[in-house]
Amino acid sequence: MQLQRPMWWRRELLLLYASMTVARIGFGVMIILFPSYLARSSNVSLALVLALYPLTEAATAIPLGVLCDRQGRRRVFLGGLALMGGLIASVALTQDVLVVATLHALMGLAAAAIAVSSLTMITDLTTAGNRGKGMGAFDFSNIGGYAGGLLVGGLLSEAFKADLAEAFLFTGSVLFVALGVSYVLLREPVHAPDVGRATVSLNPFAGMDQRTKAILPIWLSLTSLIGIVFFLPRALSKVGVHETLTGELLFAGIMIIGIGSIGFGALSDRLGREKTMAIGAAGLFGLLVGLALLFQNVGSGLDVVRFLPILGPAGIATSALVPSVLAAVGDRAKEGRKGATMGLYSLMLSLGIALGELLAGFASVLGGLSTVLYAGSVIFLGASLLTFYRLRRLRRTDATKP
């Protein structure tokens, strides 16, 4: 009897991870290049431009998830890649902040199509016994793409210093290469048919059980903090830290978290989703406090080595959060509604990033980046306590049931 190939060698999964990485590299490049490309804009204007992307992603995630269930995951995925490549290349045509803001907003639609269809296909291709690994690899490709984009963005800012528009054209062309490869090789995974137009709700909370709802506070606070991180290049550039150094620092930190996601995703398959989630919550709180201390005196230089004993272990532990949350949601996704359910990922991610970017933009004017990070640590701690309190109450309730 022929043995089934391991999950990691499935062509569809490898393609999804690779394509997600390329798509997120495009967004990471934007984060680095926008401060220079839109140098005449204010902090608040830049924050609004950056926030439009995740806001559009949030608004379209659930409808696109339903479209995945009705029209197929592959079509939505390929359409998202094509749209993203075209929009990034179009940024090269103008530096008008309103036009760029419109293009960036539409990129959120493309990002939602890519992320939701990818997560839905990963859920189709995995089981409860290996879904943590699958989601960990997704998180690695996702934030690894962001990290790669930050690094590539720093390199492109130097290579195309004379004309940054060429950097956007180059990035868009790379996405079209990913589109061509995916079009030829990617197949539609086997999945249950759509449950029917009459019974599908666009309300993302309608079909959620109580345990999934309990996760929402910690999830939203986590993604808000990601939005703050995305604003770091602009905040650091104001105190004399070059874009290239910023890209390298963020690349190193995010890659540590991305690599850890795979290991902690596998751990959640054995230890359990909620216990792994608790490890990640403790790590992220420590990371926030450590970064706040680091950036408190950023004007005198970044003394990263001094804070490595805090930032290193905390960063690694932080990587437990996303794969355990995604696996928990994927475990509870109903057949025929997986697309709509996994749309919740983009919804929460996008809302959180938008809130975080807006908070960082306004707070950087009022109190500085370290103040934002201290406030973020308090908010995250409160959200974490609320989530784990609700989960504990639900366990007690389940234990008392006959």
# chains A, B, ... in the order shown; residues from 1 in each chain; ligands from 1

call {"tool": "residues_around", "arguments": {"residues": "Met30 of chain A", "least_positions_apart": "4", "cutoff": "12 Å", "atoms": "only C-alpha atoms", "output": "NGL selection string"}}
result
:A and (23-26 or 34-38 or 46 or 49-50 or 53 or 87-89 or 91-92 or 100-101 or 103-104 or 107 or 146-154 or 156-157 or 164-165 or 167-169 or 171-172 or 230-231 or 233-234 or 243 or 247)

call {"tool": "residues_around", "arguments": {"residues": "Ile254 of chain A", "least_positions_apart": "2", "cutoff": "8 Å", "atoms": "only C-alpha atoms", "output": "list of chain:residue names"}}
result
A:Ile143, A:Gly144, A:Ala147, A:Leu250, A:Phe251, A:Ala252, A:Ile256, A:Ile257, A:Gly258

call {"tool": "atom_distance", "arguments": {"atom1": "atom CA of Met121 of chain A", "atom2": "atom CA of Val190 of chain A"}}
result
9.0 Å

call {"tool": "closest_residue", "arguments": {"among": "A:Gly86, A:Gly330, A:Gly376, A:Pro63", "to": "Thr212 of chain A", "atoms": "only C-alpha atoms"}}
result
A:Gly330

call {"tool": "residues_around", "arguments": {"residues": "Ala278 of chain A", "least_positions_apart": "2", "cutoff": "12 Å", "atoms": "only C-alpha atoms", "output": "ChimeraX atom specification"}}
result
/A:215,218,264,268,271-276,280-285,317-322,324-325,381,384-385,387-389,391

call {"tool": "select_by_dssp", "arguments": {"residues": "segment 127-206 of chain A", "states": "alpha helix (DSSP H)", "output": "VMD selection string"}}
result
chain A and resid 131 to 159 165 to 185

call {"tool": "write_last_selection", "arguments": {"atoms": "C-alpha atoms", "output": "mmCIF file, in the first residue's frame"}}
result
data_model
loop_
_atom_site.group_PDB
_atom_site.id
_atom_site.type_symbol
_atom_site.label_atom_id
_atom_site.label_comp_id
_atom_site.auth_asym_id
_atom_site.auth_seq_id
_atom_site.Cartn_x
_atom_site.Cartn_y
_atom_site.Cartn_z
ATOM 1 C CA ARG A 131 -3.747 22.080 11.790
ATOM 2 C CA GLY A 132 -1.523 23.836 14.317
ATOM 3 C CA LYS A 133 1.495 23.072 12.130
ATOM 4 C CA GLY A 134 -0.349 24.251 9.050
ATOM 5 C CA MET A 135 -1.404 27.518 10.676
ATOM 6 C CA GLY A 136 2.076 27.998 12.107
ATOM 7 C CA ALA A 137 3.532 27.717 8.618
ATOM 8 C CA PHE A 138 0.897 30.175 7.377
ATOM 9 C CA ASP A 139 1.853 32.637 10.103
ATOM 10 C CA PHE A 140 5.520 32.204 9.207
ATOM 11 C CA SER A 141 4.845 32.905 5.523
ATOM 12 C CA ASN A 142 2.553 35.796 6.452
ATOM 13 C CA ILE A 143 4.732 37.741 8.887
ATOM 14 C CA GLY A 144 7.878 36.389 7.236
ATOM 15 C CA GLY A 145 6.626 38.124 4.102
ATOM 16 C CA TYR A 146 6.105 41.338 6.046
ATOM 17 C CA ALA A 147 9.618 41.008 7.481
ATOM 18 C CA GLY A 148 11.071 40.285 4.060
ATOM 19 C CA GLY A 149 9.205 43.275 2.685
ATOM 20 C CA LEU A 150 10.695 45.523 5.355
ATOM 21 C CA LEU A 151 14.168 44.303 4.476
ATOM 22 C CA VAL A 152 13.583 44.466 0.721
ATOM 23 C CA GLY A 153 11.992 47.881 1.127
ATOM 24 C CA GLY A 154 15.148 49.165 2.783
ATOM 25 C CA LEU A 155 17.256 47.754 -0.041
ATOM 26 C CA LEU A 156 14.953 49.153 -2.724
ATOM 27 C CA SER A 157 15.008 52.586 -1.097
ATOM 28 C CA GLU A 158 18.747 52.594 -1.700
ATOM 29 C CA ALA A 159 18.730 50.934 -5.136
ATOM 30 C CA ALA A 165 8.538 54.839 -8.510
ATOM 31 C CA GLU A 166 10.689 52.118 -10.067
ATOM 32 C CA ALA A 167 10.666 50.245 -6.767
ATOM 33 C CA PHE A 168 6.871 49.943 -6.951
ATOM 34 C CA LEU A 169 7.048 48.710 -10.549
ATOM 35 C CA PHE A 170 9.593 46.076 -9.545
ATOM 36 C CA THR A 171 7.456 44.866 -6.630
ATOM 37 C CA GLY A 172 4.335 44.629 -8.789
ATOM 38 C CA SER A 173 6.160 42.574 -11.405
ATOM 39 C CA VAL A 174 7.246 40.050 -8.755
ATOM 40 C CA LEU A 175 3.613 39.561 -7.759
ATOM 41 C CA PHE A 176 2.656 38.882 -11.370
ATOM 42 C CA VAL A 177 5.320 36.165 -11.511
ATOM 43 C CA ALA A 178 3.722 34.567 -8.424
ATOM 44 C CA LEU A 179 0.336 34.831 -10.150
ATOM 45 C CA GLY A 180 1.587 32.988 -13.233
ATOM 46 C CA VAL A 181 3.099 30.142 -11.213
ATOM 47 C CA SER A 182 -0.046 29.770 -9.096
ATOM 48 C CA TYR A 183 -2.314 29.817 -12.146
ATOM 49 C CA VAL A 184 -0.445 26.885 -13.671
ATOM 50 C CA LEU A 185 0.130 24.736 -10.585
#

call {"tool": "residues_around", "arguments": {"residues": "Ile228 of chain A", "least_positions_apart": "6", "cutoff": "6 Å", "atoms": "only C-alpha atoms", "output": "PDB file with N, CA, C and O atoms, in the first residue's frame"}}
result
ATOM      1  N   GLY A 356      -4.356  50.235  15.434  1.00  0.00           N
ATOM      2  CA  GLY A 356      -2.992  50.429  15.918  1.00  0.00           C
ATOM      3  C   GLY A 356      -2.262  51.520  15.171  1.00  0.00           C
ATOM      4  O   GLY A 356      -1.556  52.342  15.769  1.00  0.00           O
ATOM      5  N   GLU A 357      -2.426  51.575  13.841  1.00  0.00           N
ATOM      6  CA  GLU A 357      -1.752  52.591  13.048  1.00  0.00           C
ATOM      7  C   GLU A 357      -2.292  53.987  13.358  1.00  0.00           C
ATOM      8  O   GLU A 357      -1.529  54.961  13.464  1.00  0.00           O
ATOM      9  N   ALA A 360      -0.985  54.959  16.800  1.00  0.00           N
ATOM     10  CA  ALA A 360       0.431  55.324  16.743  1.00  0.00           C
ATOM     11  C   ALA A 360       0.625  56.686  16.096  1.00  0.00           C
ATOM     12  O   ALA A 360       1.455  57.486  16.546  1.00  0.00           O
TER      13      ALA A 360
END

call {"tool": "closest_atom_pairs", "arguments": {"of": "segment 69-149 of chain A", "to": "segment 336-349 of chain A", "cutoff": "12 Å", "atoms": "only C-alpha atoms", "output": "CSV"}}
result
residue,atom,partner,partner_atom,distance
A:Asp69,CA,A:Gly339,CA,5.4
A:Arg70,CA,A:Gly336,CA,8.9
A:Gln71,CA,A:Gly339,CA,10.5
A:Gly72,CA,A:Gly339,CA,9.3
A:Arg73,CA,A:Gly339,CA,8.0
A:Arg74,CA,A:Gly339,CA,11.8
A:Val76,CA,A:Gly339,CA,10.6
A:Phe77,CA,A:Gly339,CA,11.8
A:Gly108,CA,A:Ser346,CA,9.7
A:Leu109,CA,A:Ser346,CA,10.3
A:Ala110,CA,A:Ser346,CA,11.3
A:Ala111,CA,A:Ser346,CA,8.5
A:Ala112,CA,A:Ser346,CA,6.1
A:Ala113,CA,A:Gly343,CA,9.2
A:Ile114,CA,A:Ser346,CA,9.8
A:Ala115,CA,A:Ser346,CA,6.8
A:Val116,CA,A:Gly343,CA,5.3
A:Ser117,CA,A:Gly339,CA,6.9
A:Ser118,CA,A:Met342,CA,9.2
A:Leu119,CA,A:Met342,CA,6.3
A:Thr120,CA,A:Gly339,CA,5.3
A:Met121,CA,A:Gly339,CA,8.6
A:Ile122,CA,A:Met342,CA,10.1
A:Thr123,CA,A:Lys338,CA,7.6
A:Asp124,CA,A:Lys338,CA,8.2
A:Leu125,CA,A:Lys338,CA,11.9
A:Met135,CA,A:Tyr345,CA,11.6
A:Asp139,CA,A:Tyr345,CA,11.5
A:Asn142,CA,A:Leu349,CA,11.7
A:Ile143,CA,A:Leu349,CA,12.0

call {"tool": "atom_distance", "arguments": {"atom1": "atom CA of Leu291 of chain A", "atom2": "atom CA of Ile226 of chain A"}}
result
13.1 Å

call {"tool": "residues_around", "arguments": {"residues": "Ala292 of chain A", "least_positions_apart": "6", "cutoff": "10 Å", "atoms": "only C-alpha atoms", "output": "PyMOL selection string"}}
result
chain A and resi 286+298+369-377

call {"tool": "atom_distance", "arguments": {"atom1": "atom CA of Phe295 of chain A", "atom2": "atom CA of Ser221 of chain A"}}
result
20.5 Å

call {"tool": "closest_residue", "arguments": {"among": "A:Asn130, A:Leu67, A:Glu188, A:Ala58", "to": "Arg11 of chain A", "atoms": "only C-alpha atoms"}}
result
A:Glu188
